[in-house]
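Read the structure below first, then the notes.
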Amino acid sequence: LGKADKDNLELDPISLLDQLLPLYTDILQKLAAAGATEVQLDEPTLVLDLPTNVQAAVKKAYTYFGQQANLPKITLASYFGTVVPNLESLKGLPVSGFHFDFVRAPEQFNDVVSAIGPNQTLSVGIVDGRNIWKNNFTKSSAFVQQAIAKLGADRVIVATSSSLLHTPVDLENESKLDAELKNYFSFATQKLGEVVTIA
């Protein structure tokens with residue numbers, strides 16, 4: 001999503017990828033040396049209508065990471081929409097797993113499941129990370145069960161659809177809310193509890 005500087009409008013930011021990959025690799029190796037066994041790299045742009053050169057860059061970047069030594073496992077995450085238009089660029093990537101937003105785009109389920117490799121995990125983003133409302137446990141649990149039926153329980157992770165930075169921290173801090181109204185809400189702390197309950 002980076003933009004060219006006003007003094008260099010001809011620059012295509014994705015052309016800087018070759019310079020950035022060694023820097024990212026160095027950071028990932030330092031994280032591994034510090035004890036990190038797995039990291040999540042967020043790629044929300046994968047829900048956009050990406051040009052073919054950017055799709056190719058995604059494949060190039062993660063293939064590059066897969067060829068480097070001493071890196072933690074990588075989970076590639078995307079959210080706020082469907083990755084189906086860019087799915088070809090994700091197939092065969094040497095990552096340990098994928099995270100997708102099934103709150104905003106449940107229709108992508110069959111496509112993404114068929115694209116996941118046999119040793120990769122699927123993080124099912126099923127608790128809404130962008131609102132303050134309680135989860136529909138029946139609907140969410142059924143969706144997770146569908147993923148388990150396709151991939152097996154050992155390859156399915158329950159998660160929020162996106163980061164919880166869009167929600168207030170803890171409903172317990174709201175002492176002035178009407179009790180009945182409060183019963184409909186779920187803030188970040190409560191959403192983590194919902195993830196645990198569904199899992």
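The chains in the structure tokens are called A, B, ... from first to last as shown; in each chain the residues are counted from 1, and the ligands are counted from 1 in the order shown.
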
- Item | 9 Å contact set for stretch 112-128 of chain A, only C-alpha atoms, chain neighbours under 3 positions out, as a PyMOL selection string | chain A and resi 75+77+79+83-84+87-88+90-104+106+108-109+131-136+140-141+143-144+147+150-151+154-162+164+191-192+194-195

Generate the output file for the selected residues, N, CA and C atoms, as a compact mmCIF listing (two decimals), in the first residue's frame.
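The resulting file, again.txt, is reproduced below:
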# COMPACT_ATOMS: atom_id res chain seq x y z
N THR A 75 3.21 -17.68 9.64
CA THR A 75 1.79 -17.74 9.30
C THR A 75 1.47 -16.46 8.53
N ALA A 77 -1.17 -13.92 7.20
CA ALA A 77 -2.52 -13.52 7.60
C ALA A 77 -3.07 -12.43 6.69
N TYR A 79 -7.05 -10.23 6.04
CA TYR A 79 -8.35 -9.99 6.65
C TYR A 79 -9.05 -8.82 5.98
N VAL A 83 -9.57 -13.35 -0.15
CA VAL A 83 -8.28 -13.45 -0.84
C VAL A 83 -8.41 -14.19 -2.17
N VAL A 84 -9.61 -14.63 -2.50
CA VAL A 84 -9.80 -15.48 -3.69
C VAL A 84 -9.22 -14.87 -4.97
N LEU A 87 -5.59 -15.77 -4.90
CA LEU A 87 -5.30 -17.09 -4.33
C LEU A 87 -4.17 -17.82 -5.04
N GLU A 88 -4.04 -17.63 -6.33
CA GLU A 88 -2.97 -18.32 -7.06
C GLU A 88 -1.60 -17.93 -6.53
N LEU A 90 -0.86 -17.47 -3.52
CA LEU A 90 -0.65 -18.08 -2.20
C LEU A 90 -0.41 -19.59 -2.28
N LYS A 91 -0.84 -20.19 -3.36
CA LYS A 91 -0.72 -21.65 -3.48
C LYS A 91 0.76 -22.06 -3.51
N GLY A 92 1.08 -23.04 -2.68
CA GLY A 92 2.43 -23.58 -2.66
C GLY A 92 3.45 -22.76 -1.90
N LEU A 93 3.03 -21.70 -1.24
CA LEU A 93 3.99 -20.89 -0.49
C LEU A 93 4.55 -21.71 0.68
N PRO A 94 5.85 -21.57 0.96
CA PRO A 94 6.46 -22.33 2.06
C PRO A 94 6.23 -21.67 3.42
N VAL A 95 4.97 -21.56 3.82
CA VAL A 95 4.61 -21.02 5.13
C VAL A 95 3.96 -22.13 5.94
N SER A 96 3.97 -21.96 7.26
CA SER A 96 3.40 -23.02 8.11
C SER A 96 1.89 -22.98 8.13
N GLY A 97 1.31 -21.82 7.80
CA GLY A 97 -0.13 -21.74 7.81
C GLY A 97 -0.63 -20.40 7.30
N PHE A 98 -1.95 -20.31 7.24
CA PHE A 98 -2.62 -19.11 6.77
C PHE A 98 -3.70 -18.71 7.77
N HIS A 99 -3.94 -17.41 7.85
CA HIS A 99 -5.06 -16.89 8.62
C HIS A 99 -5.95 -16.12 7.66
N PHE A 100 -7.27 -16.43 7.69
CA PHE A 100 -8.21 -15.71 6.84
C PHE A 100 -9.40 -15.24 7.66
N ASP A 101 -10.00 -14.16 7.19
CA ASP A 101 -11.15 -13.54 7.84
C ASP A 101 -12.42 -14.16 7.29
N PHE A 102 -13.05 -15.02 8.09
CA PHE A 102 -14.28 -15.65 7.67
C PHE A 102 -15.51 -14.93 8.22
N VAL A 103 -15.30 -13.85 8.97
CA VAL A 103 -16.42 -13.00 9.38
C VAL A 103 -16.83 -12.14 8.19
N ARG A 104 -15.86 -11.49 7.57
CA ARG A 104 -16.13 -10.61 6.42
C ARG A 104 -16.33 -11.40 5.13
N PRO A 106 -16.99 -15.26 4.49
CA PRO A 106 -17.14 -16.70 4.69
C PRO A 106 -17.21 -17.47 3.37
N GLN A 108 -15.29 -17.48 0.97
CA GLN A 108 -13.99 -17.91 0.46
C GLN A 108 -13.55 -19.27 1.02
N PHE A 109 -14.32 -19.82 1.92
CA PHE A 109 -13.91 -21.02 2.65
C PHE A 109 -13.45 -22.16 1.75
N ASN A 131 -15.88 -5.24 15.72
CA ASN A 131 -17.08 -4.67 16.33
C ASN A 131 -17.12 -4.97 17.82
N ILE A 132 -18.16 -4.52 18.48
CA ILE A 132 -18.26 -4.65 19.94
C ILE A 132 -19.35 -5.63 20.35
N TRP A 133 -19.86 -6.43 19.41
CA TRP A 133 -20.99 -7.30 19.70
C TRP A 133 -20.55 -8.71 20.04
N LYS A 134 -21.34 -9.37 20.85
CA LYS A 134 -21.05 -10.76 21.22
C LYS A 134 -21.09 -11.66 19.99
N ASN A 135 -20.33 -12.72 20.09
CA ASN A 135 -20.25 -13.72 19.02
C ASN A 135 -21.50 -14.60 18.99
N ASN A 136 -21.85 -15.05 17.81
CA ASN A 136 -22.89 -16.06 17.65
C ASN A 136 -22.18 -17.42 17.74
N SER A 140 -20.55 -19.73 14.73
CA SER A 140 -19.08 -19.80 14.69
C SER A 140 -18.56 -21.22 14.92
N SER A 141 -19.14 -21.91 15.89
CA SER A 141 -18.71 -23.28 16.18
C SER A 141 -18.98 -24.20 15.00
N PHE A 143 -19.03 -23.31 11.89
CA PHE A 143 -18.05 -22.97 10.86
C PHE A 143 -16.71 -23.62 11.15
N VAL A 144 -16.29 -23.57 12.41
CA VAL A 144 -15.02 -24.20 12.80
C VAL A 144 -15.10 -25.72 12.60
N ALA A 147 -14.39 -26.58 9.12
CA ALA A 147 -12.95 -26.55 8.83
C ALA A 147 -12.27 -27.82 9.35
N LYS A 150 -12.82 -30.77 7.13
CA LYS A 150 -12.01 -30.74 5.89
C LYS A 150 -10.53 -30.98 6.15
N LEU A 151 -10.01 -30.44 7.27
CA LEU A 151 -8.56 -30.44 7.48
C LEU A 151 -8.08 -31.28 8.66
N ASP A 154 -6.10 -30.99 14.20
CA ASP A 154 -4.71 -30.59 14.43
C ASP A 154 -4.24 -29.49 13.48
N ARG A 155 -5.02 -29.19 12.45
CA ARG A 155 -4.63 -28.18 11.48
C ARG A 155 -5.52 -26.94 11.52
N VAL A 156 -6.41 -26.87 12.50
CA VAL A 156 -7.33 -25.73 12.59
C VAL A 156 -7.08 -24.96 13.88
N ILE A 157 -6.99 -23.65 13.75
CA ILE A 157 -6.79 -22.74 14.88
C ILE A 157 -7.96 -21.76 14.89
N VAL A 158 -8.54 -21.53 16.04
CA VAL A 158 -9.63 -20.55 16.16
C VAL A 158 -9.01 -19.19 16.50
N ALA A 159 -9.49 -18.14 15.84
CA ALA A 159 -8.90 -16.82 16.04
C ALA A 159 -9.93 -15.72 15.82
N THR A 160 -9.53 -14.50 16.15
CA THR A 160 -10.33 -13.35 15.79
C THR A 160 -10.13 -13.09 14.30
N SER A 161 -11.07 -12.40 13.70
CA SER A 161 -10.99 -12.16 12.25
C SER A 161 -9.81 -11.26 11.90
N SER A 162 -9.48 -10.36 12.80
CA SER A 162 -8.39 -9.41 12.59
C SER A 162 -7.84 -9.04 13.97
N LEU A 164 -7.41 -7.01 17.32
CA LEU A 164 -8.45 -6.45 18.19
C LEU A 164 -8.25 -4.96 18.46
N LYS A 191 -13.60 -10.99 23.74
CA LYS A 191 -13.44 -11.68 22.45
C LYS A 191 -12.37 -12.77 22.55
N LEU A 192 -11.34 -12.51 23.32
CA LEU A 192 -10.34 -13.57 23.54
C LEU A 192 -10.98 -14.76 24.25
N GLU A 194 -14.07 -15.59 23.96
CA GLU A 194 -14.90 -16.26 22.94
C GLU A 194 -14.06 -17.19 22.08
N VAL A 195 -12.86 -16.75 21.72
CA VAL A 195 -11.94 -17.61 20.94
C VAL A 195 -11.67 -18.90 21.72

- Message: Which of chain A end up as helix (DSSP H, G or I) when DSSP is run on this backbone - answer as an NGL selection string?
- Response: :A and (13-33 or 44-47 or 52-66 or 84-89 or 106-115 or 137-151 or 153-155 or 164-166 or 171-173 or 179-182 or 188-198)

- Task: Between atom CA of A:Glu107 and atom CA of A:Gly81, measure the distance and give it in Å to one decimal.
- Result: 9.9 Å

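By only C-alpha atoms, and with residues fewer than 3 positions from A:Leu21 along its chain excluded, the set lying at most 10 Å from it is Leu16, Leu17, Asp18, Tyr24, Thr25, Asp26, Ile27, Lys60, Ala61, Tyr62, Tyr64 and Phe65 of chain A.
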
- Item | Between atom CA of A:Ala32 and atom CA of A:Leu71 - distance in Å to one decimal | 5.8 Å

Would you kindly return, as a compact mmCIF listing (two decimals) with all heavy atoms, in the first residue's frame, each protein, DNA or RNA residue with an atom no farther than 12 Å from any atom of A:Glu172, considering only C-alpha atoms and excluding same-chain residues fewer than 5 positions away?
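Output saved as part_14.txt:
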# COMPACT_ATOMS: atom_id res chain seq x y z
N LEU A 177 -22.59 1.38 32.15
CA LEU A 177 -23.49 0.84 31.14
C LEU A 177 -24.67 0.12 31.79
O LEU A 177 -24.52 -0.54 32.80
CB LEU A 177 -22.75 -0.18 30.26
CG LEU A 177 -21.96 0.34 29.08
CD1 LEU A 177 -21.27 -0.81 28.36
CD2 LEU A 177 -22.83 1.10 28.09
N ALA A 179 -27.05 -2.74 32.52
CA ALA A 179 -26.71 -4.17 32.60
C ALA A 179 -27.27 -4.95 31.42
O ALA A 179 -26.60 -5.83 30.87
CB ALA A 179 -27.21 -4.75 33.91
N LYS A 182 -25.22 -4.00 28.37
CA LYS A 182 -23.87 -4.55 28.52
C LYS A 182 -23.83 -6.03 28.14
O LYS A 182 -22.81 -6.51 27.64
CB LYS A 182 -23.43 -4.37 29.99
CG LYS A 182 -21.98 -4.61 30.25
CD LYS A 182 -21.65 -4.26 31.70
CE LYS A 182 -20.20 -4.45 32.02
NZ LYS A 182 -19.89 -4.09 33.41
N ASN A 183 -24.93 -6.72 28.31
CA ASN A 183 -25.00 -8.14 28.00
C ASN A 183 -24.82 -8.43 26.50
O ASN A 183 -24.50 -9.56 26.12
CB ASN A 183 -26.33 -8.71 28.49
CG ASN A 183 -26.35 -10.22 28.45
OD1 ASN A 183 -25.39 -10.87 28.87
ND2 ASN A 183 -27.42 -10.78 27.93
N PHE A 185 -22.62 -6.78 24.58
CA PHE A 185 -21.29 -6.34 24.16
C PHE A 185 -20.20 -7.38 24.41
O PHE A 185 -20.30 -8.21 25.31
CB PHE A 185 -20.89 -5.05 24.88
CG PHE A 185 -21.69 -3.84 24.48
CD1 PHE A 185 -21.77 -2.76 25.33
CD2 PHE A 185 -22.37 -3.78 23.27
CE1 PHE A 185 -22.50 -1.62 24.98
CE2 PHE A 185 -23.09 -2.66 22.90
CZ PHE A 185 -23.15 -1.58 23.76
N SER A 186 -19.15 -7.25 23.62
CA SER A 186 -17.94 -8.05 23.79
C SER A 186 -16.76 -7.20 23.33
O SER A 186 -16.68 -6.85 22.15
CB SER A 186 -18.04 -9.34 22.96
OG SER A 186 -16.89 -10.11 23.11
N PHE A 187 -15.89 -6.84 24.27
CA PHE A 187 -14.72 -6.05 23.94
C PHE A 187 -13.53 -7.00 23.75
O PHE A 187 -13.70 -8.21 23.75
CB PHE A 187 -14.46 -5.01 25.03
CG PHE A 187 -15.49 -3.91 25.10
CD1 PHE A 187 -15.38 -2.93 26.08
CD2 PHE A 187 -16.55 -3.83 24.21
CE1 PHE A 187 -16.32 -1.90 26.16
CE2 PHE A 187 -17.49 -2.81 24.28
CZ PHE A 187 -17.37 -1.84 25.27
N ALA A 188 -12.34 -6.47 23.58
CA ALA A 188 -11.18 -7.29 23.23
C ALA A 188 -10.95 -8.45 24.22
O ALA A 188 -10.76 -9.60 23.81
CB ALA A 188 -9.93 -6.42 23.14
N THR A 189 -10.99 -8.15 25.51
CA THR A 189 -10.76 -9.20 26.52
C THR A 189 -11.83 -10.29 26.40
O THR A 189 -11.51 -11.49 26.45
CB THR A 189 -10.77 -8.58 27.93
OG1 THR A 189 -9.72 -7.61 28.00
CG2 THR A 189 -10.56 -9.64 29.00
N GLN A 190 -13.08 -9.88 26.23
CA GLN A 190 -14.17 -10.86 26.12
C GLN A 190 -14.06 -11.64 24.80
O GLN A 190 -14.36 -12.83 24.75
CB GLN A 190 -15.52 -10.15 26.21
CG GLN A 190 -15.86 -9.63 27.59
CD GLN A 190 -15.03 -8.42 28.02
OE1 GLN A 190 -14.76 -7.52 27.23
NE2 GLN A 190 -14.60 -8.42 29.28
